[in-house]
>>> print(open('final09.txt').read())   # compact mmCIF, C-alpha atoms
# COMPACT_ATOMS: atom_id res chain seq x y z
CA MET A 208 68.52 123.63 96.51
CA ALA A 209 71.12 121.93 98.67
CA GLN A 210 68.52 121.01 101.28
CA ALA A 211 66.17 119.60 98.69
CA SER A 212 68.87 117.41 97.17
CA ALA A 213 70.01 116.18 100.59
CA GLN A 214 66.45 115.11 101.34
CA THR A 215 66.17 113.30 98.05
CA GLN A 216 69.35 111.39 98.78
CA ALA A 217 68.23 110.52 102.29
CA ALA A 218 65.22 108.51 101.19
CA PRO A 219 66.28 105.04 100.05
CA GLU A 220 69.74 103.62 100.63
CA ASP A 221 71.82 103.55 97.49
CA VAL A 222 74.40 100.82 97.23
CA VAL A 223 77.41 101.12 94.95
CA THR A 224 79.67 98.14 94.41
CA ILE A 225 83.09 98.42 92.86
CA LYS A 226 85.16 95.36 92.03
CA LEU A 227 88.72 95.73 90.91
CA PRO A 228 91.94 93.73 90.84
CA ALA A 229 93.51 93.38 94.29
CA ALA A 230 96.58 95.35 93.23
CA GLY A 231 98.09 98.52 94.65
CA ALA A 232 97.92 100.25 91.29
CA TYR A 233 94.13 100.44 91.55
CA LEU A 234 93.95 102.05 94.98
CA SER A 235 94.12 105.55 93.55
CA VAL A 236 91.07 104.76 91.41
CA LEU A 237 89.20 103.58 94.48
CA ARG A 238 90.17 106.69 96.46
CA THR A 239 88.79 108.87 93.69
CA ALA A 240 85.53 106.90 93.65
CA THR A 241 85.29 107.15 97.43
CA ALA A 242 85.71 110.91 97.33
CA GLY A 243 83.08 111.22 94.61
CA LEU A 244 80.54 109.19 96.56
CA ALA A 245 81.24 111.06 99.80
CA ALA A 246 80.74 114.35 97.97
CA ARG A 247 77.30 113.14 96.90
CA LEU A 248 76.34 112.91 100.58
CA ASP A 249 77.49 116.48 101.20
CA PHE A 250 80.30 115.40 103.50
CA THR A 251 82.69 118.23 104.32
CA LEU A 252 86.05 118.37 102.56
CA ASP A 253 87.75 117.12 105.74
CA GLU A 254 85.33 114.21 106.02
CA ILE A 255 85.83 113.34 102.36
CA GLU A 256 89.58 113.30 102.90
CA ASP A 257 89.16 111.13 106.03
CA LEU A 258 87.10 108.62 104.06
CA ARG A 259 89.55 108.59 101.18
CA ILE A 260 92.37 107.69 103.53
CA ALA A 261 90.29 105.23 105.58
CA VAL A 262 89.20 103.25 102.52
CA ASP A 263 92.77 103.29 101.22
CA GLU A 264 94.09 101.94 104.54
CA ALA A 265 91.48 99.19 104.71
CA CYS A 266 92.26 98.05 101.17
CA ALA A 267 96.03 98.31 101.59
CA MET A 268 95.77 96.00 104.61
CA LEU A 269 93.82 93.44 102.63
CA LEU A 270 96.15 93.57 99.63
CA THR A 271 99.03 92.16 101.65
CA GLN A 272 97.17 88.89 102.22
CA ALA A 273 95.06 88.66 99.04
CA VAL A 274 95.09 85.52 96.94
CA PRO A 275 97.08 86.40 93.78
CA GLY A 276 94.71 87.34 90.99
CA ALA A 277 91.78 87.87 93.37
CA ASP A 278 89.43 90.83 93.15
CA LEU A 279 88.92 93.43 95.81
CA GLU A 280 85.24 94.10 96.37
CA CYS A 281 84.09 97.41 97.79
CA THR A 282 80.51 98.12 98.69
CA PHE A 283 79.43 101.63 99.55
CA ALA A 284 76.02 102.00 101.18
CA LEU A 285 74.91 105.62 101.02
CA ASP A 286 72.35 106.40 103.64
CA GLY A 287 71.66 110.13 103.43
CA ASP A 288 73.87 111.17 106.32
CA SER A 289 76.31 108.29 106.55
CA MET A 290 78.34 105.97 104.43
CA ARG A 291 79.00 102.34 105.25
CA VAL A 292 81.89 100.84 103.35
CA ALA A 293 82.74 97.15 103.25
CA VAL A 294 85.91 96.03 101.52
CA SER A 295 86.67 92.36 101.13
CA VAL A 296 89.03 89.98 99.39
CA LEU A 297 89.83 86.29 99.36
CA THR A 298 92.96 85.82 101.39
CA LEU A 299 95.59 83.13 101.63
CA ASP A 300 95.42 82.74 105.39
CA GLY A 301 91.99 83.98 106.50
CA VAL A 302 93.61 85.95 109.32
CA GLU A 303 91.95 89.22 110.31
CA PRO A 304 94.23 92.26 110.14
CA SER A 305 96.22 93.09 113.23
CA ARG A 306 94.91 96.09 115.13
CA ASP A 307 98.34 96.92 116.43
CA THR A 308 99.54 98.71 113.30
CA PHE A 309 99.81 102.26 111.96
CA ALA A 310 97.31 101.25 109.30
CA TRP A 311 94.63 100.21 111.80
CA THR A 312 95.33 103.25 113.98
CA VAL A 313 94.80 105.58 111.02
CA LEU A 314 91.76 103.67 109.80
CA SER A 315 89.99 103.67 113.14
CA ALA A 316 90.83 107.31 113.85
CA LEU A 317 89.44 108.53 110.54
CA ALA A 318 86.35 106.34 110.22
CA GLY A 319 84.14 106.10 113.26
CA ASP A 320 83.11 102.47 113.58
CA VAL A 321 85.52 99.94 112.15
CA ASP A 322 85.42 96.17 112.29
CA SER A 323 86.72 93.13 110.50
CA ALA A 324 85.39 89.65 109.95
CA ALA A 325 86.63 86.39 108.51
CA GLU A 326 84.49 83.91 106.62
CA ALA A 327 84.95 80.18 106.22
CA ASP A 328 86.36 80.55 102.69
CA ASN A 329 89.15 82.84 103.99
CA ARG A 330 87.39 85.95 102.74
CA ILE A 331 88.25 88.86 105.00
CA THR A 332 85.99 91.89 105.18
CA ILE A 333 86.74 95.23 106.79
CA THR A 334 83.75 97.47 107.40
CA LEU A 335 83.71 101.11 108.33
CA LEU A 336 81.02 103.64 108.98
CA LYS A 337 81.44 107.38 108.55
CA ARG A 338 78.73 109.78 109.57
CA ARG A 339 78.36 113.29 108.29
CA SER A 340 79.21 115.89 110.93
CA GLY A 341 76.33 117.39 112.84
CA THR A 342 74.40 114.16 112.48
CA ALA A 343 72.85 112.67 115.61
CA ARG A 344 73.82 109.05 116.23
CA MET B 64 98.71 110.50 89.99
CA ASP B 65 102.17 109.08 90.49
CA LEU B 66 105.00 109.89 92.83
CA SER B 67 107.73 112.33 91.84
CA LEU B 68 111.11 112.41 93.53
CA SER B 69 114.12 114.65 93.19
CA THR B 70 117.17 115.13 95.35
CA ARG B 71 119.71 117.88 95.80
CA THR B 72 122.61 118.48 98.14
CA GLU B 73 122.69 121.46 100.50
CA GLY B 74 125.95 121.49 102.44
CA ASP B 75 126.09 118.26 104.44
CA ARG B 76 122.37 117.63 103.95
CA THR B 77 120.37 116.07 101.19
CA VAL B 78 116.96 117.43 100.32
CA VAL B 79 114.49 114.93 98.90
CA THR B 80 111.53 116.67 97.26
CA VAL B 81 108.50 114.42 97.09
CA GLY B 82 105.39 115.16 95.06
CA GLY B 83 102.16 113.33 94.30
CA GLU B 84 100.66 110.41 96.14
CA ILE B 85 102.46 108.13 98.58
CA ASP B 86 100.48 104.91 98.89
CA VAL B 87 101.06 101.18 98.85
CA TYR B 88 101.76 101.35 95.12
CA THR B 89 104.21 104.25 95.05
CA ALA B 90 105.85 103.95 98.48
CA PRO B 91 108.46 101.40 97.33
CA LYS B 92 109.91 104.10 95.05
CA LEU B 93 110.44 106.40 98.01
CA ARG B 94 111.81 103.54 100.10
CA GLU B 95 114.40 102.73 97.41
CA GLN B 96 115.38 106.37 97.15
CA LEU B 97 115.98 106.67 100.89
CA ILE B 98 117.91 103.38 100.99
CA ASP B 99 120.07 104.50 98.05
CA LEU B 100 120.86 107.81 99.72
CA VAL B 101 121.86 106.21 103.01
CA SER B 102 123.86 103.48 101.24
CA SER B 103 125.84 106.15 99.44
CA GLY B 104 126.68 107.95 102.66
CA ASN B 105 123.97 110.62 102.92
CA TYR B 106 122.96 110.48 106.57
CA HIS B 107 121.30 113.88 106.99
CA LEU B 108 118.08 113.97 105.03
CA VAL B 109 115.38 116.60 104.65
CA VAL B 110 112.22 115.23 103.08
CA ASP B 111 110.15 118.04 101.59
CA MET B 112 106.51 116.91 101.54
CA GLU B 113 104.87 120.20 100.59
CA ASN B 114 103.80 118.82 97.23
CA VAL B 115 102.50 115.52 98.56
CA ASP B 116 98.78 115.14 97.81
CA PHE B 117 98.20 111.90 99.64
CA LEU B 118 99.94 109.97 102.40
CA ASP B 119 98.83 106.78 104.10
CA SER B 120 100.38 104.47 106.68
CA THR B 121 102.49 102.76 104.01
CA GLY B 122 104.23 106.08 103.48
CA LEU B 123 104.63 106.54 107.22
CA GLY B 124 106.29 103.13 107.38
CA VAL B 125 108.77 104.12 104.69
CA LEU B 126 109.66 107.36 106.50
CA VAL B 127 110.11 105.51 109.80
CA GLY B 128 112.33 103.01 107.98
CA GLY B 129 114.39 105.89 106.61
CA LEU B 130 114.69 107.43 110.06
CA LYS B 131 115.97 104.14 111.50
CA ARG B 132 118.55 103.89 108.73
CA VAL B 133 119.98 107.39 109.20
CA ARG B 134 119.96 107.04 112.97
CA ALA B 135 122.08 103.90 112.64
CA HIS B 136 124.71 106.32 111.25
CA GLU B 137 123.97 109.05 113.78
CA GLY B 138 122.19 110.96 111.04
CA SER B 139 118.89 112.80 110.90
CA LEU B 140 115.69 112.81 108.91
CA ARG B 141 113.67 116.00 108.97
CA LEU B 142 110.33 116.57 107.33
CA VAL B 143 108.99 119.72 105.74
CA CYS B 144 105.23 119.87 105.83
CA THR B 145 102.59 122.47 106.57
CA GLN B 146 99.59 120.71 105.02
CA GLU B 147 97.04 120.05 107.69
CA ARG B 148 95.64 116.88 106.09
CA ILE B 149 99.11 115.31 105.93
CA LEU B 150 100.09 116.47 109.43
CA LYS B 151 96.90 114.89 110.74
CA ILE B 152 98.19 111.43 109.79
CA PHE B 153 101.41 112.07 111.71
CA ARG B 154 99.45 113.26 114.74
CA ILE B 155 97.06 110.28 114.76
CA THR B 156 99.98 107.89 114.86
CA GLY B 157 102.02 109.87 117.37
CA LEU B 158 104.80 110.40 114.84
CA THR B 159 104.90 114.16 115.35
CA LYS B 160 106.96 113.27 118.42
CA VAL B 161 109.32 111.12 116.39
CA PHE B 162 110.04 113.31 113.37
CA PRO B 163 111.23 116.89 113.50
CA ILE B 164 108.67 118.63 111.27
CA HIS B 165 109.51 122.01 109.79
CA ALA B 166 107.53 124.67 107.95
CA THR B 167 110.14 125.34 105.28
CA VAL B 168 113.18 123.64 103.76
CA ASP B 169 115.35 126.56 104.93
CA GLU B 170 114.17 126.04 108.49
CA ALA B 171 114.95 122.33 108.26
CA LEU B 172 118.40 123.03 106.83
CA ALA B 173 119.15 125.52 109.60
CA ALA B 174 118.00 123.19 112.38
CA THR B 175 120.72 121.60 114.43
CA ASP B 176 119.87 119.83 117.70
>>> encode(input="final09.txt", output="structure tokens")
Amino acid sequence: MAQASAQTQAAPEDVVTIKLPAAGAYLSVLRTATAGLAARLDFTLDEIEDLRIAVDEACAMLLTQAVPGADLECTFALDGDSMRVAVSVLTLDGVEPSRDTFAWTVLSALAGDVDSAAEADNRITITLLKRRSGTAR
Amino acid sequence: MDLSLSTRTEGDRTVVTVGGEIDVYTAPKLREQLIDLVSSGNYHLVVDMENVDFLDSTGLGVLVGGLKRVRAHEGSLRLVCTQERILKIFRITGLTKVFPIHATVDEALAATD
């Protein structure tokens, strides 16, 4: 049963987008959604917890520089054995988050590949990729 | 899930029991609590985190801030935590070397150094 469902999920990449106000009060909602999506990919409990914290850290970083009233956009790409998450928001300064912080340290330790990018309109995006354990790169 | 806080005095120490989720939204509540305690002369704090369900770097920042405040008065800030998922965050950031972390409140209260 479990194997069959994992194979079904592995076929096409599902993309889930969640848009919510760039306010701290909504981070708990996003963490819950993250955990639910990670569970769909049969991530272990530890991996689900890692993702929950990683997504929270990425968003918390962006909230500090978000344009007031802006929306936080989170895209989750579910690819059978990995999850790519991109979180982005319009910022006031267009400056990419410092990597010399507790937040970045936690984020990069818990999610394998992490990066950030700035666009011309001051939108900052943080991307992270988490692979399910026992998955070849 | 919100953050719950309660404090009690044990001898010359103050135990702060924290429950729920410490994130960017709730951390200011904990920060205010620690500042209030230090401002009113409580320099030896034990923060019991056994009922904390979630902790991120915002929460770490608040605890480090509290530690700096009590140390300015030659005080102490001890943590009580046995939850692996919470301890992991302290390890990743190297803060296990900064905070004394105890398995029980009694152990934290008995600790001297």
>>> residues_around(input="final09.txt", residues="Asn114 (chain B)", least_positions_apart="3", cutoff="9 Å", atoms="all atoms listed in the file", output="VMD selection string")
chain B and resid 80 to 83 111 144
>>> closest_residue(input="final09.txt", among="A:Ala273, A:Ala325, A:Leu297, A:Leu234", to="chain B", atoms="only C-alpha atoms")
A:Leu234
>>> residues_around(input="final09.txt", residues="Asn329 (chain A)", least_positions_apart="6", cutoff="9 Å", atoms="all atoms listed in the file", output="list in words")
Val296, Leu297, Thr298, Leu299, Asp300, Gly301 and Val302 of chain A
>>> interface_residues(input="final09.txt", of="chain B", to="chain A", cutoff="9 Å", atoms="only C-alpha atoms", output="PyMOL selection string")
chain B and resi 64+84+86-89+117-121+123-124+148+152+155-156
>>> axis_aligned_box(input="final09.txt", around="region 77-86 of chain B", padding_each_side="5 Å", output="AutoDock Vina command-line options")
--center_x 110.4 --center_y 111.2 --center_z 97.7 --size_x 29.9 --size_y 22.5 --size_z 16.9
>>> residues_around(input="final09.txt", residues="region 91-103 of chain B", least_positions_apart="3", cutoff="12 Å", atoms="all atoms listed in the file", output="MDAnalysis selection string")
(chainID A and resid 231) or (chainID B and resid 65:72 76:88 106:110 112 118 121:140)
>>> atom_distance(input="final09.txt", atom1="CA of Ile333 (chain A)", atom2="CA of Ser289 (chain A)")
16.7 Å
>>> atom_distance(input="final09.txt", atom1="CA of Cys281 (chain A)", atom2="CA of Ser295 (chain A)")
6.6 Å
>>> atom_distance(input="final09.txt", atom1="CA of Asp278 (chain A)", atom2="CA of Asp116 (chain B)")
26.5 Å
>>> closest_residue(input="final09.txt", among="A:Glu280, A:Ala242, A:Asp307, A:Glu254", to="Ala229 (chain A)", atoms="only C-alpha atoms")
A:Glu280
>>> closest_residue(input="final09.txt", among="A:Pro304, A:Ala324, A:Val294, A:Gly287", to="Pro219 (chain A)", atoms="all atoms listed in the file")
A:Gly287
>>> residues_around(input="final09.txt", residues="Ser323 (chain A)", least_positions_apart="3", cutoff="9 Å", atoms="only C-alpha atoms", output="number ranges by chain")
A: 303-304, 331-335
>>> residues_near_point(input="final09.txt", point="(73.4, 96.7, 97.2)", cutoff="12 Å", atoms="all atoms listed in the file", output="PyMOL selection string")
chain A and resi 219-225+281-286+291-293
>>> build_atoms(input="final09.txt", residues="region 67-78 of chain B", atoms="all heavy atoms", output="tab-separated table (two decimals), in the frame of the given file")
chain	number	residue	atom	x	y	z
B	67	SER	N	106.52	111.75	92.44
B	67	SER	CA	107.73	112.33	91.84
B	67	SER	C	108.77	112.54	92.92
B	67	SER	O	108.44	112.88	94.06
B	67	SER	CB	107.39	113.65	91.16
B	67	SER	OG	107.01	114.61	92.12
B	68	LEU	N	110.01	112.30	92.57
B	68	LEU	CA	111.11	112.41	93.53
B	68	LEU	C	112.26	113.16	92.89
B	68	LEU	O	112.59	112.92	91.74
B	68	LEU	CB	111.62	111.01	93.90
B	68	LEU	CG	110.74	110.11	94.75
B	68	LEU	CD1	111.33	108.71	94.80
B	68	LEU	CD2	110.60	110.68	96.14
B	69	SER	N	112.86	114.07	93.66
B	69	SER	CA	114.12	114.65	93.19
B	69	SER	C	114.98	114.94	94.41
B	69	SER	O	114.46	115.14	95.51
B	69	SER	CB	113.86	115.93	92.39
B	69	SER	OG	113.32	116.92	93.23
B	70	THR	N	116.27	114.89	94.21
B	70	THR	CA	117.17	115.13	95.35
B	70	THR	C	118.20	116.19	94.99
B	70	THR	O	118.55	116.35	93.82
B	70	THR	CB	117.94	113.84	95.75
B	70	THR	OG1	118.75	113.43	94.65
B	70	THR	CG2	116.99	112.72	96.11
B	71	ARG	N	118.62	116.92	96.00
B	71	ARG	CA	119.71	117.88	95.80
B	71	ARG	C	120.49	117.98	97.10
B	71	ARG	O	119.98	117.68	98.18
B	71	ARG	CB	119.18	119.24	95.37
B	71	ARG	CG	118.38	119.97	96.43
B	71	ARG	CD	118.04	121.40	95.94
B	71	ARG	NE	117.65	122.24	97.05
B	71	ARG	CZ	116.39	122.33	97.52
B	71	ARG	NH1	115.43	121.58	96.99
B	71	ARG	NH2	116.11	123.15	98.52
B	72	THR	N	121.75	118.38	96.97
B	72	THR	CA	122.61	118.48	98.14
B	72	THR	C	122.68	119.93	98.60
B	72	THR	O	122.79	120.84	97.78
B	72	THR	CB	124.03	117.99	97.79
B	72	THR	OG1	123.91	116.65	97.29
B	72	THR	CG2	124.92	117.95	99.00
B	73	GLU	N	122.56	120.12	99.89
B	73	GLU	CA	122.69	121.46	100.50
B	73	GLU	C	123.67	121.31	101.64
B	73	GLU	O	123.31	120.87	102.72
B	73	GLU	CB	121.34	121.94	101.04
B	73	GLU	CG	120.28	122.20	100.00
B	73	GLU	CD	120.37	123.60	99.37
B	73	GLU	OE1	121.17	124.43	99.87
B	73	GLU	OE2	119.65	123.83	98.39
B	74	GLY	N	124.94	121.66	101.40
B	74	GLY	CA	125.95	121.49	102.44
B	74	GLY	C	126.10	120.01	102.77
B	74	GLY	O	126.29	119.19	101.88
B	75	ASP	N	125.95	119.67	104.06
B	75	ASP	CA	126.09	118.26	104.44
B	75	ASP	C	124.73	117.57	104.45
B	75	ASP	O	124.61	116.45	104.95
B	75	ASP	CB	126.76	118.15	105.82
B	75	ASP	CG	125.89	118.73	106.92
B	75	ASP	OD1	124.96	119.51	106.61
B	75	ASP	OD2	126.12	118.38	108.09
B	76	ARG	N	123.71	118.23	103.92
B	76	ARG	CA	122.37	117.63	103.95
B	76	ARG	C	121.86	117.35	102.54
B	76	ARG	O	122.29	118.01	101.58
B	76	ARG	CB	121.40	118.56	104.67
B	76	ARG	CG	121.94	118.86	106.07
B	76	ARG	CD	120.95	119.42	107.00
B	76	ARG	NE	121.64	119.65	108.27
B	76	ARG	CZ	121.08	120.18	109.33
B	76	ARG	NH1	119.82	120.55	109.29
B	76	ARG	NH2	121.75	120.34	110.44
B	77	THR	N	120.98	116.41	102.48
B	77	THR	CA	120.37	116.07	101.19
B	77	THR	C	118.87	116.33	101.28
B	77	THR	O	118.21	115.84	102.21
B	77	THR	CB	120.62	114.59	100.86
B	77	THR	OG1	122.01	114.34	100.93
B	77	THR	CG2	120.11	114.26	99.47
B	78	VAL	N	118.39	117.12	100.35
B	78	VAL	CA	116.96	117.43	100.32
B	78	VAL	C	116.27	116.51	99.32
B	78	VAL	O	116.68	116.45	98.15
B	78	VAL	CB	116.70	118.91	99.94
B	78	VAL	CG1	115.21	119.21	99.93
B	78	VAL	CG2	117.44	119.84	100.90
